[in-house]
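What follows is the content of work-v3.cif (mmCIF, C-alpha atoms).
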```
data_my_file
loop_
_atom_site.label_atom_id
_atom_site.label_comp_id
_atom_site.auth_asym_id
_atom_site.auth_seq_id
_atom_site.Cartn_x
_atom_site.Cartn_y
_atom_site.Cartn_z
CA MET A 1 210.60 328.98 131.98
CA VAL A 2 214.11 327.96 133.05
CA GLY A 3 213.28 324.29 132.47
CA ILE A 4 211.95 325.08 129.00
CA ALA A 5 215.14 326.97 128.13
CA ILE A 6 217.42 324.20 129.41
CA LYS A 7 215.97 321.47 127.17
CA PRO A 8 217.08 323.03 123.85
CA LEU A 9 220.51 323.65 125.40
CA ILE A 10 220.83 319.97 126.38
CA ILE A 11 219.78 318.88 122.90
CA THR A 12 222.31 321.29 121.35
CA LEU A 13 225.12 319.99 123.57
CA MET A 14 224.23 316.38 122.67
CA THR A 15 224.26 317.28 118.98
CA VAL A 16 227.67 318.96 119.27
CA SER A 17 229.02 315.97 121.22
CA GLN A 18 227.73 313.55 118.58
CA PHE A 19 229.27 315.67 115.81
CA ILE A 20 232.67 315.73 117.55
CA PHE A 21 232.51 311.95 118.05
CA LYS A 22 231.75 311.38 114.36
CA VAL A 23 234.59 313.65 113.25
CA ARG A 24 237.10 311.96 115.58
CA PHE A 25 235.82 308.52 114.55
CA ARG A 26 236.27 309.36 110.86
CA LEU A 27 239.70 310.96 111.24
CA TRP A 28 241.00 308.06 113.33
CA GLY A 29 239.74 305.58 110.77
CA GLU A 30 241.56 307.40 107.98
CA LEU A 31 244.76 307.54 110.04
CA VAL A 32 244.60 303.79 110.74
CA ALA A 33 243.93 303.01 107.07
CA PHE A 34 246.93 305.12 106.05
CA SER A 35 249.29 303.66 108.69
CA GLU A 36 248.25 300.01 108.94
CA LYS A 37 250.86 298.59 106.55
CA ARG A 38 253.62 300.98 107.59
CA TRP A 39 256.43 300.42 110.09
CA PHE A 40 255.14 302.99 112.59
CA TYR A 41 251.57 301.65 112.80
CA HIS A 42 251.77 300.29 116.35
CA TYR A 43 253.14 303.60 117.59
CA LEU A 44 249.65 305.08 117.19
CA TYR A 45 248.40 303.10 120.18
CA ARG A 46 248.79 304.10 123.80
CA SER A 47 248.40 300.45 124.79
CA TYR A 48 251.44 299.51 122.68
CA TRP A 49 253.60 302.16 124.40
CA HIS A 50 252.41 300.89 127.78
CA TYR A 51 253.67 297.44 126.84
CA LYS A 52 256.98 298.83 125.54
CA PHE A 53 257.68 300.62 128.82
CA SER A 54 256.37 297.76 131.00
CA ARG A 55 257.67 294.64 129.24
CA ASP A 56 260.58 294.16 131.63
CA LYS A 57 258.09 294.05 134.51
CA ILE A 58 255.69 291.52 132.96
CA ASN A 59 255.53 288.40 135.10
CA THR A 60 254.00 285.76 132.84
CA SER A 61 253.72 283.34 135.77
CA ASN A 62 251.41 285.64 137.74
CA LEU A 63 248.90 286.97 135.22
CA GLN A 64 245.37 288.04 136.11
CA PRO A 65 243.64 288.70 132.78
CA ASP A 66 240.25 288.37 134.46
CA SER A 67 240.79 291.84 135.92
CA CYS A 68 240.21 293.27 132.42
CA TYR A 69 237.45 293.23 129.82
CA TYR A 70 237.32 293.21 126.02
CA THR A 71 234.84 294.96 123.75
CA ALA A 72 234.23 296.01 120.15
CA ARG A 73 232.19 299.00 119.03
CA PRO A 74 229.29 298.32 116.63
CA ASN A 75 230.06 300.75 113.80
CA PRO A 76 227.54 303.57 114.32
CA GLY A 77 227.49 304.46 110.63
CA ALA A 78 226.91 300.91 109.35
CA GLY A 79 223.92 298.63 108.86
CA ILE A 80 222.82 295.93 111.26
CA GLY A 81 224.74 293.12 109.52
CA HIS A 82 227.96 295.10 109.85
CA GLN A 83 227.29 295.97 113.50
CA LEU A 84 226.61 292.33 114.32
CA ALA A 85 229.98 291.45 112.79
CA ASN A 86 231.61 293.93 115.19
CA TRP A 87 229.74 292.39 118.15
CA ILE A 88 230.85 288.90 117.10
CA THR A 89 234.46 290.11 116.80
CA GLY A 90 234.30 291.37 120.37
CA HIS A 91 233.17 288.00 121.68
CA LEU A 92 235.66 286.06 119.55
CA TYR A 93 238.64 288.04 120.80
CA ALA A 94 237.41 288.15 124.39
CA ASP A 95 237.41 284.34 124.31
CA LEU A 96 240.76 284.20 122.51
CA PHE A 97 242.52 286.34 125.11
CA GLY A 98 240.73 284.96 128.18
CA LEU A 99 238.91 288.21 128.97
CA ARG A 100 235.33 288.96 129.92
CA PHE A 101 233.18 290.65 127.30
CA ALA A 102 231.75 294.12 127.87
CA HIS A 103 228.89 295.47 125.79
CA ILE A 104 228.75 298.72 123.78
CA PRO A 105 225.21 299.49 122.55
CA PHE A 106 224.26 299.34 118.88
CA SER A 107 223.23 302.53 117.12
CA THR A 108 219.54 301.63 117.44
CA GLN A 109 217.90 300.47 120.65
CA GLN A 110 215.27 298.56 118.69
CA TRP A 111 217.96 296.31 117.18
CA GLU A 112 219.38 295.76 120.66
CA ASP A 113 215.96 294.63 121.86
CA PHE A 114 215.34 292.56 118.73
CA PHE A 115 218.44 290.41 119.36
CA GLY A 116 218.38 290.58 123.13
CA LEU A 117 221.85 292.11 123.16
CA GLY A 118 222.90 293.84 126.34
CA GLU A 119 220.36 291.88 128.37
CA ASN A 120 222.15 290.58 131.49
CA GLU A 121 225.52 291.68 130.08
CA THR A 122 228.21 293.90 131.59
CA LYS A 123 228.01 297.38 130.03
CA VAL A 124 231.09 299.44 129.18
CA GLU A 125 229.46 302.58 130.56
CA ASP A 126 228.91 300.86 133.93
CA LEU A 127 232.55 299.78 134.02
CA LYS A 128 233.68 303.35 133.37
CA LYS A 129 231.70 304.48 136.40
CA LYS A 130 233.65 301.93 138.44
CA GLY A 131 236.98 303.40 137.38
CA TYR A 132 237.76 301.26 134.35
CA ARG A 133 239.77 302.93 131.57
CA MET A 134 239.48 302.27 127.84
CA ARG A 135 242.53 301.19 125.86
CA LYS A 136 242.38 300.51 122.13
CA LEU A 137 244.39 297.60 120.73
CA PRO A 138 246.06 297.47 117.29
CA THR A 139 244.36 295.56 114.49
CA ILE A 140 244.74 291.79 114.77
CA ASP A 141 245.05 289.25 111.99
CA GLU A 142 243.73 286.19 113.79
CA LYS A 143 245.72 283.95 111.44
CA ASN A 144 248.98 285.74 112.19
CA PRO A 145 250.72 284.25 115.29
CA GLN A 146 252.85 287.39 115.69
CA ASP A 147 249.78 289.61 115.98
CA ILE A 148 248.25 287.29 118.57
CA ALA A 149 251.47 287.08 120.57
CA LEU A 150 251.95 290.87 120.59
CA THR A 151 248.35 291.48 121.67
CA LYS A 152 248.73 288.99 124.51
CA LEU A 153 251.83 290.82 125.71
CA ILE A 154 250.04 294.17 125.57
CA ILE A 155 247.17 292.75 127.61
CA GLN A 156 249.59 291.14 130.08
CA SER A 157 251.27 294.50 130.65
CA TYR A 158 248.00 295.68 132.22
CA THR A 159 247.66 292.72 134.59
CA GLY A 160 245.79 293.70 137.74
CA LYS A 161 244.59 297.02 136.30
CA LYS A 162 240.98 298.02 135.61
CA ILE A 163 241.04 298.14 131.81
CA VAL A 164 238.51 297.63 129.03
CA PHE A 165 240.39 296.77 125.84
CA ILE A 166 238.56 297.85 122.70
CA ALA A 167 239.14 296.27 119.31
CA GLU A 168 240.21 298.39 116.38
CA GLN A 169 237.17 299.14 114.25
CA ASP A 170 235.86 296.73 111.60
CA GLN A 171 238.37 293.89 111.82
CA ASN A 172 237.84 290.93 109.53
CA THR A 173 237.10 287.70 111.38
CA ASP A 174 235.38 284.43 110.60
CA GLU A 175 232.00 284.86 112.29
CA PHE A 176 231.05 281.19 112.60
CA GLY A 177 232.64 280.68 116.02
CA GLU A 178 230.20 282.88 117.94
CA ILE A 179 227.07 282.45 115.83
CA ASP A 180 225.62 279.97 118.34
CA LEU A 181 225.90 282.67 121.00
CA LEU A 182 224.02 285.13 118.77
CA LYS A 183 221.35 282.51 118.07
CA GLN A 184 221.01 281.89 121.79
CA ARG A 185 220.64 285.62 122.55
CA PHE A 186 218.10 285.92 119.73
CA ALA A 187 216.04 282.94 120.93
CA GLN A 188 215.97 284.19 124.53
CA ALA A 189 215.26 287.85 123.72
CA LYS A 190 212.08 289.32 125.19
CA ALA A 191 211.23 290.54 121.68
CA ARG A 192 210.46 286.96 120.57
CA LYS A 193 207.10 287.26 122.37
CA ASN A 194 206.07 289.80 119.74
CA ASP A 195 207.20 287.89 116.63
CA ARG A 196 204.60 287.58 113.88
CA LEU A 197 205.31 285.49 110.77
CA LEU A 198 203.54 285.49 107.43
CA TYR A 199 204.65 281.92 106.86
CA SER A 200 202.29 278.98 107.26
CA LYS A 201 203.69 275.88 108.92
CA GLU A 202 201.71 273.87 106.38
CA ASN A 203 203.87 275.24 103.55
CA PHE A 204 207.51 275.03 102.48
CA ASN A 205 208.52 278.68 102.69
CA ILE A 206 211.23 280.05 100.39
CA ALA A 207 212.61 283.50 101.22
CA ILE A 208 214.57 285.56 98.68
CA HIS A 209 216.47 288.63 99.82
CA MET A 210 217.10 290.92 96.85
CA ARG A 211 219.41 293.77 97.81
CA ARG A 212 218.19 297.02 96.26
CA THR A 213 219.24 299.81 98.64
CA VAL A 214 222.43 301.83 98.13
CA ILE A 215 223.07 300.44 94.64
CA ILE A 216 221.40 302.15 91.68
CA GLU A 217 221.36 300.46 88.30
CA GLY A 218 222.39 302.58 85.36
CA LYS A 219 225.14 304.64 86.99
CA LYS A 220 228.15 304.94 84.69
CA THR A 221 230.94 306.09 87.00
CA VAL A 222 233.95 303.83 87.55
CA GLU A 223 233.27 303.83 91.30
CA SER A 224 229.62 302.83 90.91
CA LYS A 225 230.54 300.05 88.48
CA ALA A 226 233.06 298.66 90.96
CA VAL A 227 230.47 298.74 93.73
CA GLN A 228 227.87 297.08 91.50
CA THR A 229 230.29 294.25 90.70
CA LEU A 230 230.88 293.74 94.40
CA ARG A 231 227.28 293.96 95.61
CA TRP A 232 224.73 293.96 92.79
CA LEU A 233 222.81 290.96 91.45
CA GLY A 234 220.07 291.50 88.88
CA ASN A 235 216.58 289.99 88.95
CA ASP A 236 217.63 287.43 86.35
CA TYR A 237 220.12 285.89 88.80
CA TYR A 238 217.50 285.39 91.51
CA GLU A 239 214.93 284.10 89.01
CA LYS A 240 217.39 281.51 87.64
CA VAL A 241 218.29 280.32 91.15
CA LEU A 242 214.62 280.09 92.10
CA ARG A 243 213.65 278.19 88.95
CA ARG A 244 216.49 275.69 89.38
CA ALA A 245 215.60 275.24 93.06
CA LEU A 246 211.91 274.61 92.27
CA ASP A 247 212.87 272.08 89.58
CA ASN A 248 214.73 270.08 92.25
CA ILE A 249 212.30 270.30 95.16
CA SER A 250 210.00 267.32 95.43
CA ILE A 251 207.81 267.58 98.54
CA SER A 252 204.18 267.06 99.44
CA LYS A 253 203.81 270.50 101.01
CA PRO A 254 202.68 273.52 98.97
CA ILE A 255 205.52 275.93 98.22
CA SER A 256 205.26 279.61 99.14
CA ILE A 257 207.74 282.18 97.81
CA TYR A 258 208.45 285.43 99.65
CA ILE A 259 210.57 288.17 98.07
CA PHE A 260 212.05 290.69 100.51
CA SER A 261 213.21 293.80 98.71
CA ALA A 262 212.32 297.41 97.88
CA GLY A 263 210.75 299.05 94.87
CA SER A 264 207.49 298.78 92.92
CA VAL A 265 205.59 295.62 92.00
CA GLU A 266 206.38 296.23 88.32
CA GLU A 267 210.10 295.80 88.99
CA PHE A 268 209.54 292.13 89.84
CA ALA A 269 207.38 291.16 86.87
CA GLU A 270 209.48 288.08 85.99
CA PHE A 271 208.32 286.39 89.20
CA SER A 272 204.61 286.71 88.41
CA LYS A 273 204.66 283.41 86.50
CA TYR A 274 205.32 281.47 89.72
CA ASP A 275 202.50 280.33 91.98
CA ASN A 276 202.05 281.64 95.49
CA VAL A 277 204.54 284.52 95.29
CA HIS A 278 204.41 287.24 97.95
CA LEU A 279 206.22 290.54 97.40
CA CYS A 280 207.29 291.97 100.75
CA LEU A 281 208.41 295.40 99.56
CA ASP A 282 207.17 297.59 102.40
CA MET A 283 207.99 295.32 105.35
CA ASP A 284 210.23 296.92 107.97
CA GLU A 285 213.79 295.66 108.40
CA TYR A 286 213.10 293.91 111.71
CA ALA A 287 210.28 291.79 110.33
CA SER A 288 212.28 291.11 107.16
CA PHE A 289 215.28 289.90 109.16
CA LEU A 290 213.02 287.63 111.23
CA HIS A 291 211.49 286.06 108.11
CA LEU A 292 214.92 285.40 106.58
CA VAL A 293 215.97 283.59 109.76
CA ARG A 294 212.81 281.46 109.85
CA ALA A 295 212.61 280.46 106.17
CA ASP A 296 212.74 276.79 105.11
CA MET A 297 215.02 277.86 102.26
CA LEU A 298 216.86 281.17 102.00
CA ILE A 299 218.25 282.62 98.77
CA THR A 300 220.67 285.37 99.78
CA SER A 301 222.11 288.46 98.13
CA LYS A 302 225.59 289.97 98.38
CA SER A 303 224.65 291.71 101.59
CA SER A 304 225.43 291.37 105.28
CA PHE A 305 221.72 291.83 105.87
CA SER A 306 221.01 288.39 104.40
CA TYR A 307 224.35 286.81 105.39
CA LYS A 308 223.65 287.19 109.12
CA PRO A 309 220.17 285.60 108.91
CA ALA A 310 221.74 282.83 106.82
CA LEU A 311 224.21 282.13 109.64
CA MET A 312 221.30 282.01 112.09
CA ASN A 313 219.05 279.93 109.82
CA ASP A 314 219.34 276.16 110.35
CA CYS A 315 217.83 275.23 106.98
CA ILE A 316 218.93 275.43 103.32
CA LYS A 317 220.85 278.49 102.13
CA ILE A 318 221.64 279.20 98.44
CA CYS A 319 224.26 281.95 98.28
CA PRO A 320 226.12 283.85 95.54
CA ILE A 321 229.74 283.14 94.76
CA ASP A 322 232.36 285.93 95.01
CA PHE A 323 231.02 287.40 98.24
CA TRP A 324 233.36 289.20 100.65
CA HIS A 325 232.28 287.05 103.62
CA ASN A 326 233.42 283.45 103.99
CA TYR A 327 230.81 280.71 103.88
CA PRO A 328 230.90 277.84 106.41
CA ASP A 329 232.02 274.43 105.22
CA ASP A 330 228.53 273.03 105.74
CA ILE A 331 226.36 271.00 103.36
CA ARG A 332 223.41 273.33 104.06
CA TRP A 333 225.29 276.16 102.34
CA ILE A 334 224.89 275.82 98.58
CA ILE A 335 226.93 278.18 96.38
CA ALA A 336 225.51 279.47 93.09
CA ASP A 337 227.67 280.94 90.33
CA GLU A 338 226.94 284.22 88.53
CA ASN A 339 224.52 282.40 86.22
CA GLY A 340 222.51 280.94 89.09
CA VAL A 341 223.96 277.44 88.62
CA PHE A 342 224.54 275.35 91.74
CA ASP A 343 224.96 271.71 92.77
CA GLU A 344 221.47 270.27 92.34
CA HIS A 345 222.44 266.95 93.92
CA GLN A 346 223.56 268.82 97.04
CA LEU A 347 220.18 270.56 97.25
CA LYS A 348 218.31 267.25 97.01
CA GLN A 349 220.57 265.70 99.63
CA VAL A 350 220.12 268.58 102.11
CA LEU A 351 216.39 268.72 101.51
CA ALA A 352 216.05 265.02 102.24
CA GLN A 353 217.89 265.50 105.54
CA GLN A 354 215.82 268.58 106.44
CA LEU A 355 212.50 266.83 105.86
CA GLN A 356 213.36 263.75 107.95
#
```
In structure tokens, write the structure found in this file.
Amino acid sequence: MVGIAIKPLIITLMTVSQFIFKVRFRLWGELVAFSEKRWFYHYLYRSYWHYKFSRDKINTSNLQPDSCYYTARPNPGAGIGHQLANWITGHLYADLFGLRFAHIPFSTQQWEDFFGLGENETKVEDLKKKGYRMRKLPTIDEKNPQDIALTKLIIQSYTGKKIVFIAEQDQNTDEFGEIDLLKQRFAQAKARKNDRLLYSKENFNIAIHMRRTVIIEGKKTVESKAVQTLRWLGNDYYEKVLRRALDNISISKPISIYIFSAGSVEEFAEFSKYDNVHLCLDMDEYASFLHLVRADMLITSKSSFSYKPALMNDCIKICPIDFWHNYPDDIRWIIADENGVFDEHQLKQVLAQQLQ
């Protein structure tokens, strides 16, 4: 009976702990957003004060940065594309500052397993058990030498101490530098043994990711209109891109078209005129992500969920202009305007290289 009574208590305590974490996480985020451009911003950080009181003792000729680690927290309230961006930021800055990377789990264990993240990696929780302390660092603009120099000094002030530095949440970084590491983790993950693809190797497989979650067409509020402008692309955009792509693809293989989205079949009626179209409307997010990575051509939406597979995909990507992420300067990345118009010569050139 005692054991039965303890279980609900444990669950209740975990729920309270999670609630407190979410409240603190939200309040801190609002404080940072309010302070970031103000003169007192750095004063929010304990690590900055440590540097201020230790700077006269810093011996730059006898530094031991390998005594410390660097990490970034995958935003627990965000989607997988966003969380992967946080993970990449952690690795980028660990490399930049000569520190070892420590892993904080994603919000979902299944995503961890899917990418092979955390496998054979140092865990933050394990470091805490060994006496390591967490210290948050101020936001860094990687293109600002002053930010980099200050962060290096803060880190140097902890030389020889057991510290895990944690990045401020959701910093903007170019994600190209560590994408090969993510691809390596993905390829080596145990989960790859369970991959199942709808694609046939005998076909040229075109994947279209059409973002439909979160955004609802028809809303009239100013806020919803601003969000739609940032994220929403109508069916006509994707259909124009697809038609122009098909007009410029000349291959001996049959072409298969896979649409990854949500909704009813009737909502995609304009695609019924194309041959060999497959609507993947009920596929889970893990299988959808896998198919976007493995496509021979990927037509993306304004979404991190298709941007990350595009980074991991080694084939042709046709992507919308005016997206908040930067695109690599790579011939395989073809940019389409709001009317679905893109460089057709570039597509033919990349396709010729891909089919060699």
For this session: Evaluate the PyMOL selection byres ((chain A and resi 88) around 9) here and jot the selected residues down as a PyMOL selection string.
Result: chain A and resi 72+83-87+89-93+173+175-179+181-182
I need the chosen residues saved as a compact mmCIF listing (two decimals), keeping the file's coordinate frame, with C-alpha atoms.
```txt
# COMPACT_ATOMS: atom_id res chain seq x y z
CA ALA A 72 234.23 296.01 120.15
CA GLN A 83 227.29 295.97 113.50
CA LEU A 84 226.61 292.33 114.32
CA ALA A 85 229.98 291.45 112.79
CA ASN A 86 231.61 293.93 115.19
CA TRP A 87 229.74 292.39 118.15
CA THR A 89 234.46 290.11 116.80
CA GLY A 90 234.30 291.37 120.37
CA HIS A 91 233.17 288.00 121.68
CA LEU A 92 235.66 286.06 119.55
CA TYR A 93 238.64 288.04 120.80
CA THR A 173 237.10 287.70 111.38
CA GLU A 175 232.00 284.86 112.29
CA PHE A 176 231.05 281.19 112.60
CA GLY A 177 232.64 280.68 116.02
CA GLU A 178 230.20 282.88 117.94
CA ILE A 179 227.07 282.45 115.83
CA LEU A 181 225.90 282.67 121.00
CA LEU A 182 224.02 285.13 118.77
```
Exercise. Interatomic distance between atom CA of A:Phe204 and atom CA of A:Tyr307?
Worked result: 20.8 Å
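Once A:Phe114 and its same-chain neighbours fewer than 4 positions away are set aside, Gln110, Ala189 and Ala191 of chain A remain within 7 Å of it when counting only C-alpha atoms.
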Exercise. Suppose you want the space between atom CA of A:Asp296 and atom CA of A:Phe115; what is it in Å?
Worked result: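 That distance, rounded to one decimal, is 20.5 Å.
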For this session: Pick out the residues sitting within 12 Å of stretch 308-310 of chain A, and hand them over as a VMD selection string; count all atoms listed in the file, and ignore anything fewer than 5 positions along from it in its own chain.
Result: chain A and resid 79 to 85 88 115 175 to 176 178 to 180 182 to 183 186 207 to 209 285 to 303 315 to 319 325 to 328 330 332 to 334
Problem set entry | Expected selection from the PyMOL selection byres ((chain A and resi 138-151) around 8), given as a VMD selection string | chain A and resid 42 45 48 136 to 137 152 to 155 167 to 168 171 to 173
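In this comparison, which uses all atoms listed in the file, the residue of A:Ile259, A:Ala78, A:Ile206, A:Asp337 approaching A:Asp322 most closely is A:Asp337.
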